[in-house]
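S.K.: So that we are looking at the same thing, I have put the structure below in structure tokens.
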Amino acid sequence: MQTTHGIPNSWPPSVLQTRESIQYDRGDISFIIISGAMVSFMIPGLAFLYSGLSRRKSALSLIWAVSASNAVVIFQWYFWGYSLAFSSSATNGYIGNLRNFGLLKVLADPSPGSPLIPELLYSFFQMEFACVTAGILMGGLAERGRVFPAMIFTFLWVTLVYCPLACWAWGLNGWAFKWGVLDFAGGGPVEIGSGVGGLAFSWVLGRRHQTELLNFRPHNVSMVGLGTSMLWFGWLGFNGGSAFGANLRAIMAIWNSMLAAAFGGMIWCLLDYRLERHWTMVGFCSGTIAGLVAATPSSGYLHPWSSVIVGLAAGGLCNFATKLKFLLQVDDALDLFAEHAIGGIIGLFLNGFFASSTVVALDGVNLTTKGGWVDQNWKQLYMQFAYICATCVYTFIVTALLAKAVDMVPGLQLRSTPEGERLGMDEVEIGEFASDYIEIRRDFTDGAAPFDSLQGAFRPIVAAGDRHGHPDSDIRPRSVDVRDADGDSTNHLRPINEKMENGDRTGVI
């Protein structure tokens, strides 16, 4: 069969005309599809990061929460999330309408974000941003939050907080977009939304019990490193894809992201070394993420030299910001506010100084966008500041009210019980464990060895699934070699499951 450009000549002329009239470059489309897939890879990266940073007894619950929130947001975005954020017919400047409910009328028209890609692809790419934001927010659950109420909260939060913030910054009629605020890939919706939202969520949940704060440290630093590497990889699609095409601006955004991440990681390590005299892996990962967060709103506006400043500022200021939770008396266990809110604020604010119109114009679309002080656009700084204040205040108030409202619904209490917190969220919420292990002791205060000096017998070592080192109450250890006062063995070996006369069980602590 003869063909023309790979299309059979026997096909109707209408098909040929439609194919020839396609206005999108396939390279741009392919680039955004791949970038969106890279952003989706950040979800397991977040899950591993949070799991590694938590205690072992709550590690799997955070993986579940991040993964499940991804599914909830996919449904929400399809249902009405995209329409509330980006419907072009809404003119109130605050939130969209339901014109695109269920992705109706979302096909081949040019997207609200760029004429370079169709709206259907744009809706997918922006959905991944919402999924990542909700995943970050789930860090507020750490070691004390119930997962099912958190999923209800996630659906409502994306609807009432994330969608309005996205509309402000990127909607065609959003007040911040029309005013000229510079927010490239989500300093407001993603970073401030998740960071300030996480602070408010943690505030409503309340502090962990004091015993859970003693000797707290990450249970698996390897997973922290793995999660950070996955996030770094996905972030290149996050920021690079926000140029909405395979163009020089996308490459500039990727370069800026790499520089900010590298310098953020180095400066955080140096600041930690001055106190601990160790080059900590957790410190390097934290600084790397801080640099990437600050690059999110700025990477598509800055020259590489100014991204070095962004990375240095983010690594240093976010490091010091980890102390704010103690001043605020809010148990932000995974430092969502210090990393994401402060990092996003830094990137947005520095846009007012260093944003350059020449970098913006590299996409071949935004040829008239003004930069910041380097372009003598002095008013850009106060515009950025006002936008930061608006997003922070709105996010905190609405998130706190929303969390409190969900918590008041019978059966949807956001926080677990004190006993559940002691046992761990993996046991009471998930029923599975991230690691199958043999536990000698559970907490730092349990003692130095599994020996009970009062009973003169070794406590049994049991698997974590058996109440984390506490055998089931109706089962004895298989045998106990009891020695008398002079040290001789009486070899009083009792069979398993034998019960004492008073109904108690040996080996139960």
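Just remember, in the structure tokens the first chain shown is A, the second B, etc., residues are 1-based per chain, and ligands are 1-based in the order shown.
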Using only C-alpha atoms, determine which residues lie at most 10 Å from A:Leu165, disregarding the query and same-chain residues fewer than 5 positions distant; provide the list as number ranges by chain.
M.R.: A: 85, 94-95, 158, 160, 170-171, 174, 176, 186, 188-190, 192-193, 390-391, 394-395
S.K.: Using only C-alpha atoms, determine which residues lie at most 9 Å from stretch 221-238 of chain A, disregarding the query and same-chain residues fewer than 4 positions distant; provide the list as a ChimeraX atom specification.
M.R.: /A:31-32,34-53,125,128-129,185,242,253-255,257-258,261,281-282,284-286,288-289,292,296
S.K.: Please produce an output containing N, CA and C atoms for each residue in the selection, written as a tab-separated table (two decimals), in the first residue's frame.
M.R.:
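Here's the written file result-v5.tsv:
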chain	number	residue	atom	x	y	z
A	31	PHE	N	7.93	15.38	25.66
A	31	PHE	CA	8.70	15.88	26.80
A	31	PHE	C	7.81	16.05	28.03
A	32	ILE	N	6.61	16.56	27.87
A	32	ILE	CA	5.73	16.77	29.01
A	32	ILE	C	5.17	15.45	29.52
A	34	ILE	N	6.80	12.61	29.51
A	34	ILE	CA	7.91	12.04	30.29
A	34	ILE	C	8.10	12.82	31.60
A	35	SER	N	7.99	14.14	31.53
A	35	SER	CA	8.13	14.95	32.74
A	35	SER	C	7.05	14.61	33.76
A	36	GLY	N	5.82	14.42	33.30
A	36	GLY	CA	4.75	14.03	34.20
A	36	GLY	C	5.00	12.68	34.85
A	37	ALA	N	5.55	11.75	34.07
A	37	ALA	CA	5.89	10.44	34.64
A	37	ALA	C	7.00	10.58	35.68
A	38	MET	N	7.95	11.47	35.42
A	38	MET	CA	9.02	11.72	36.40
A	38	MET	C	8.46	12.31	37.69
A	39	VAL	N	7.50	13.20	37.57
A	39	VAL	CA	6.88	13.78	38.76
A	39	VAL	C	6.14	12.70	39.55
A	40	SER	N	5.49	11.77	38.86
A	40	SER	CA	4.79	10.70	39.57
A	40	SER	C	5.77	9.81	40.34
A	41	PHE	N	7.02	9.76	39.88
A	41	PHE	CA	8.05	8.98	40.58
A	41	PHE	C	8.43	9.62	41.92
A	42	MET	N	8.05	10.87	42.10
A	42	MET	CA	8.31	11.52	43.38
A	42	MET	C	7.42	10.97	44.50
A	43	ILE	N	6.30	10.35	44.15
A	43	ILE	CA	5.40	9.82	45.17
A	43	ILE	C	6.07	8.72	45.98
A	44	PRO	N	6.60	7.66	45.34
A	44	PRO	CA	7.33	6.68	46.16
A	44	PRO	C	8.58	7.26	46.80
A	45	GLY	N	9.18	8.27	46.17
A	45	GLY	CA	10.32	8.93	46.79
A	45	GLY	C	9.94	9.58	48.12
A	46	LEU	N	8.82	10.28	48.12
A	46	LEU	CA	8.32	10.87	49.37
A	46	LEU	C	8.01	9.79	50.40
A	47	ALA	N	7.39	8.70	49.95
A	47	ALA	CA	7.03	7.63	50.87
A	47	ALA	C	8.27	7.05	51.54
A	48	PHE	N	9.31	6.78	50.77
A	48	PHE	CA	10.53	6.22	51.34
A	48	PHE	C	11.22	7.23	52.25
A	49	LEU	N	11.23	8.48	51.85
A	49	LEU	CA	11.84	9.52	52.68
A	49	LEU	C	11.16	9.60	54.04
A	50	TYR	N	9.85	9.69	54.04
A	50	TYR	CA	9.11	9.81	55.30
A	50	TYR	C	9.26	8.55	56.14
A	51	SER	N	9.21	7.40	55.50
A	51	SER	CA	9.35	6.15	56.22
A	51	SER	C	10.70	6.06	56.90
A	52	GLY	N	11.76	6.42	56.19
A	52	GLY	CA	13.09	6.37	56.77
A	52	GLY	C	13.29	7.34	57.91
A	53	LEU	N	12.62	8.48	57.84
A	53	LEU	CA	12.78	9.50	58.88
A	53	LEU	C	12.00	9.17	60.16
A	125	PHE	N	-0.43	16.67	33.67
A	125	PHE	CA	0.79	17.18	34.29
A	125	PHE	C	0.48	17.92	35.59
A	128	GLU	N	-0.32	15.66	38.61
A	128	GLU	CA	0.83	15.13	39.35
A	128	GLU	C	1.34	16.13	40.37
A	129	PHE	N	1.25	17.42	40.07
A	129	PHE	CA	1.64	18.43	41.06
A	129	PHE	C	0.75	18.34	42.30
A	185	ALA	N	6.90	27.04	39.25
A	185	ALA	CA	6.42	25.66	39.34
A	185	ALA	C	5.71	25.35	40.65
A	242	SER	N	7.76	22.38	33.67
A	242	SER	CA	6.94	23.57	33.85
A	242	SER	C	7.19	24.63	32.80
A	253	ALA	N	15.76	25.70	33.58
A	253	ALA	CA	15.12	25.31	34.84
A	253	ALA	C	15.79	24.08	35.43
A	254	ILE	N	16.17	23.13	34.59
A	254	ILE	CA	16.85	21.93	35.09
A	254	ILE	C	18.23	22.29	35.65
A	255	TRP	N	18.97	23.13	34.94
A	255	TRP	CA	20.28	23.57	35.43
A	255	TRP	C	20.15	24.28	36.78
A	257	SER	N	17.81	23.98	38.97
A	257	SER	CA	17.41	23.02	40.00
A	257	SER	C	18.61	22.24	40.50
A	258	MET	N	19.48	21.84	39.59
A	258	MET	CA	20.67	21.09	39.99
A	258	MET	C	21.58	21.94	40.87
A	261	ALA	N	20.02	22.58	44.38
A	261	ALA	CA	20.04	21.37	45.20
A	261	ALA	C	21.45	21.09	45.72
A	281	MET	N	24.20	12.17	56.73
A	281	MET	CA	23.45	11.91	55.50
A	281	MET	C	22.09	12.58	55.55
A	282	VAL	N	21.45	12.54	56.71
A	282	VAL	CA	20.16	13.20	56.84
A	282	VAL	C	20.30	14.69	56.59
A	284	PHE	N	22.58	16.18	54.66
A	284	PHE	CA	22.77	16.43	53.23
A	284	PHE	C	21.45	16.29	52.48
A	285	CYS	N	20.67	15.28	52.81
A	285	CYS	CA	19.38	15.08	52.14
A	285	CYS	C	18.44	16.25	52.43
A	286	SER	N	18.44	16.72	53.67
A	286	SER	CA	17.56	17.84	54.03
A	286	SER	C	17.93	19.09	53.26
A	288	THR	N	19.54	19.25	50.39
A	288	THR	CA	19.24	19.05	48.97
A	288	THR	C	17.78	19.34	48.68
A	289	ILE	N	16.90	18.82	49.52
A	289	ILE	CA	15.47	19.06	49.33
A	289	ILE	C	15.15	20.54	49.50
A	292	LEU	N	15.99	22.27	46.30
A	292	LEU	CA	15.01	21.96	45.25
A	292	LEU	C	13.69	22.68	45.49
A	296	THR	N	11.86	25.54	43.00
A	296	THR	CA	10.54	25.30	42.40
A	296	THR	C	9.90	26.59	41.87
S.K.: Write out as a VMD selection string the set of residues from stretch 64-186 of chain A that DSSP, computed on the backbone, places in alpha helix (DSSP H).
M.R.: chain A and resid 64 to 76 82 to 86 119 to 137 147 to 157 163 to 170 175 to 179
S.K.: Got a sec: who's within 6 Å of stretch 328-335 of chain A, counting only C-alpha atoms, leaving out chain neighbours fewer than 2 positions off, as a PyMOL selection string?
M.R.: chain A and resi 202-203+207+325-326+337-338
S.K.: May I ask which of the residues A:Phe201, A:Tyr162, A:Tyr122, A:Trp157 is the closest one to A:Ala400, counting only C-alpha atoms?
M.R.: A:Phe201
S.K.: Would you list the contacts of stretch 209-214 of chain A as an NGL selection string, taking every protein, DNA or RNA residue within 12 Å and counting only C-alpha atoms, but skipping same-chain residues closer than 3 positions in sequence?
M.R.: :A and (54-55 or 57-58 or 142-144 or 205-206 or 217-218 or 331-333 or 415-424 or 442-446)
S.K.: Quick one: everything within 7 Å of stretch 314-316 of chain A, counting only C-alpha atoms, minus sequence neighbours fewer than 5 positions away in the same chain. Send it as a PDB file with N, CA, C and O atoms, in the first residue's frame.
M.R.:
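Now in around-v9.pdb:
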ATOM      1  N   GLY A 264      22.446  23.747  48.314  1.00  0.00           N
ATOM      2  CA  GLY A 264      21.642  23.582  49.513  1.00  0.00           C
ATOM      3  C   GLY A 264      22.134  22.431  50.368  1.00  0.00           C
ATOM      4  O   GLY A 264      22.243  22.548  51.593  1.00  0.00           O
ATOM      5  N   GLY A 265      22.448  21.294  49.729  1.00  0.00           N
ATOM      6  CA  GLY A 265      22.962  20.149  50.468  1.00  0.00           C
ATOM      7  C   GLY A 265      24.295  20.434  51.127  1.00  0.00           C
ATOM      8  O   GLY A 265      24.542  20.047  52.281  1.00  0.00           O
ATOM      9  N   ILE A 267      25.644  23.417  52.048  1.00  0.00           N
ATOM     10  CA  ILE A 267      25.603  24.401  53.138  1.00  0.00           C
ATOM     11  C   ILE A 267      24.927  23.802  54.370  1.00  0.00           C
ATOM     12  O   ILE A 267      25.328  24.081  55.517  1.00  0.00           O
ATOM     13  N   TRP A 268      23.913  22.950  54.195  1.00  0.00           N
ATOM     14  CA  TRP A 268      23.263  22.322  55.353  1.00  0.00           C
ATOM     15  C   TRP A 268      24.261  21.407  56.070  1.00  0.00           C
ATOM     16  O   TRP A 268      24.325  21.391  57.307  1.00  0.00           O
ATOM     17  N   GLY A 287      19.229  19.370  53.159  1.00  0.00           N
ATOM     18  CA  GLY A 287      19.665  20.552  52.419  1.00  0.00           C
ATOM     19  C   GLY A 287      19.386  20.449  50.934  1.00  0.00           C
ATOM     20  O   GLY A 287      19.029  21.436  50.280  1.00  0.00           O
ATOM     21  N   ALA A 290      15.782  21.199  50.475  1.00  0.00           N
ATOM     22  CA  ALA A 290      15.551  22.633  50.663  1.00  0.00           C
ATOM     23  C   ALA A 290      15.932  23.412  49.407  1.00  0.00           C
ATOM     24  O   ALA A 290      15.215  24.335  48.987  1.00  0.00           O
ATOM     25  N   GLY A 291      17.061  23.063  48.787  1.00  0.00           N
ATOM     26  CA  GLY A 291      17.453  23.734  47.553  1.00  0.00           C
ATOM     27  C   GLY A 291      16.473  23.496  46.423  1.00  0.00           C
ATOM     28  O   GLY A 291      16.144  24.410  45.656  1.00  0.00           O
ATOM     29  N   ALA A 294      13.311  25.600  46.988  1.00  0.00           N
ATOM     30  CA  ALA A 294      13.502  27.008  46.625  1.00  0.00           C
ATOM     31  C   ALA A 294      13.599  27.198  45.120  1.00  0.00           C
ATOM     32  O   ALA A 294      13.227  28.249  44.586  1.00  0.00           O
ATOM     33  N   GLY A 343      11.454  27.229  52.357  1.00  0.00           N
ATOM     34  CA  GLY A 343      12.112  27.115  51.055  1.00  0.00           C
ATOM     35  C   GLY A 343      11.319  27.766  49.943  1.00  0.00           C
ATOM     36  O   GLY A 343      11.874  28.472  49.084  1.00  0.00           O
ATOM     37  N   ILE A 346      11.559  31.549  50.242  1.00  0.00           N
ATOM     38  CA  ILE A 346      12.855  32.045  49.780  1.00  0.00           C
ATOM     39  C   ILE A 346      12.881  32.151  48.259  1.00  0.00           C
ATOM     40  O   ILE A 346      13.290  33.166  47.688  1.00  0.00           O
TER      41      ILE A 346
END
S.K.: Closest to A:Leu62 among A:Ala361, A:Leu156, A:Met425, A:Ala403, using only C-alpha atoms?
M.R.: A:Met425
S.K.: Skipping near chain neighbours, those fewer than 4 positions away, what residues fall within 10 Å of A:Arg26 using only C-alpha atoms, listed as a PyMOL selection string?
M.R.: chain A and resi 22+30-32+116-117+245-246
S.K.: Those residues with C-alpha atoms, as a CSV table (one decimal), in the first residue's frame please?
M.R.:
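After the write, again.csv holds the following:
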chain,number,residue,atom,x,y,z
A,22,ILE,CA,-2.3,19.3,14.3
A,30,SER,CA,6.6,13.8,24.5
A,31,PHE,CA,8.7,15.9,26.8
A,32,ILE,CA,5.7,16.8,29.0
A,116,LEU,CA,2.6,24.6,23.2
A,117,ILE,CA,0.6,21.6,24.6
A,245,GLY,CA,7.9,22.3,26.0
A,246,ALA,CA,11.3,21.0,25.0
S.K.: With distances taken over only C-alpha atoms, which of A:Pro110, A:Leu350, A:Asn319, A:Ala150 is nearest to A:Lys404?
M.R.: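 Of all the options, A:Ala150 lies closest to A:Lys404.
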S.K.: What lies within 9 Å of A:Asn247 using only C-alpha atoms, ignoring chain neighbours under 3 positions off, as a list in words?
M.R.: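 Returned residues: Asp28, Ala243, Phe244, Ala250, Ile251, Met252, Leu362, Asp363 and Gly364 of chain A.
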S.K.: Counting only C-alpha atoms, which residue out of A:Ala59, A:Val293, A:Leu259, A:Val106 sits closest to A:Asn220?
M.R.: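 Nearest to A:Asn220: A:Ala59.
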S.K.: Smallest atom-to-atom distance to A:Gly241: which of A:Gly300, A:Gly347, A:Gly139, A:Pro112, using only C-alpha atoms?
M.R.: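 Looking only at the distances to A:Gly241, the closest residue turns out to be A:Gly300.
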